[in-house]
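Down below is the structure, laid out as structure tokens.
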Amino acid sequence: MLGLKFAINSRYTSLTCHKCLHIHPARGESYLSGKSFKCRHCGWPGDADLNGAKMIKLFGSSVNQP
């Protein structure tokens with residue numbers, strides 16, 4: 001391991017749908033309602049933490065395999 005650390009801004013993991021990668025365009029609004037996430041672009045509904053974790057996974061994959 002090279003000892004490199006990458007920080008992921010959690011703000012964007014909660015604003016971005018892991019399915020269609022749509023970022024909510026309105027400032028101050030989000031797709032979150034409590035622990036639920038529903039994309040207004042593709043309609044994916046699910047757990048907000050699961051969506052955030054999948055976004056972090058996608059980000060990690062893009063760093064490891066550009």
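In the structure tokens, chains take letters A, B, ... by order of appearance, with residues numbered from 1 within each chain and ligands from 1 in the order shown.
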Which residues are close to Ala48 of chain A, i.e. within 6 Å by only C-alpha atoms, leaving aside same-chain residues fewer than 5 positions away? Reply as a ChimeraX atom specification.
/A:35-37
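Every protein, DNA or RNA residue with an atom at most 10 Å from Asp47 of chain A, where only C-alpha atoms count and chain neighbours fewer than 3 positions away do not, is listed here: Leu32, Ser33, Gly34, Lys35, Ser36, Phe37, Lys38, Leu50, Asn51 and Gly52 of chain A.
We find atom CA of Gly43 of chain A and atom CA of Phe59 of chain A to be spaced 21.5 Å apart.
The interatomic distance for the pair atom CA of Asp49 of chain A and atom CA of Lys19 of chain A works out to 14.1 Å.
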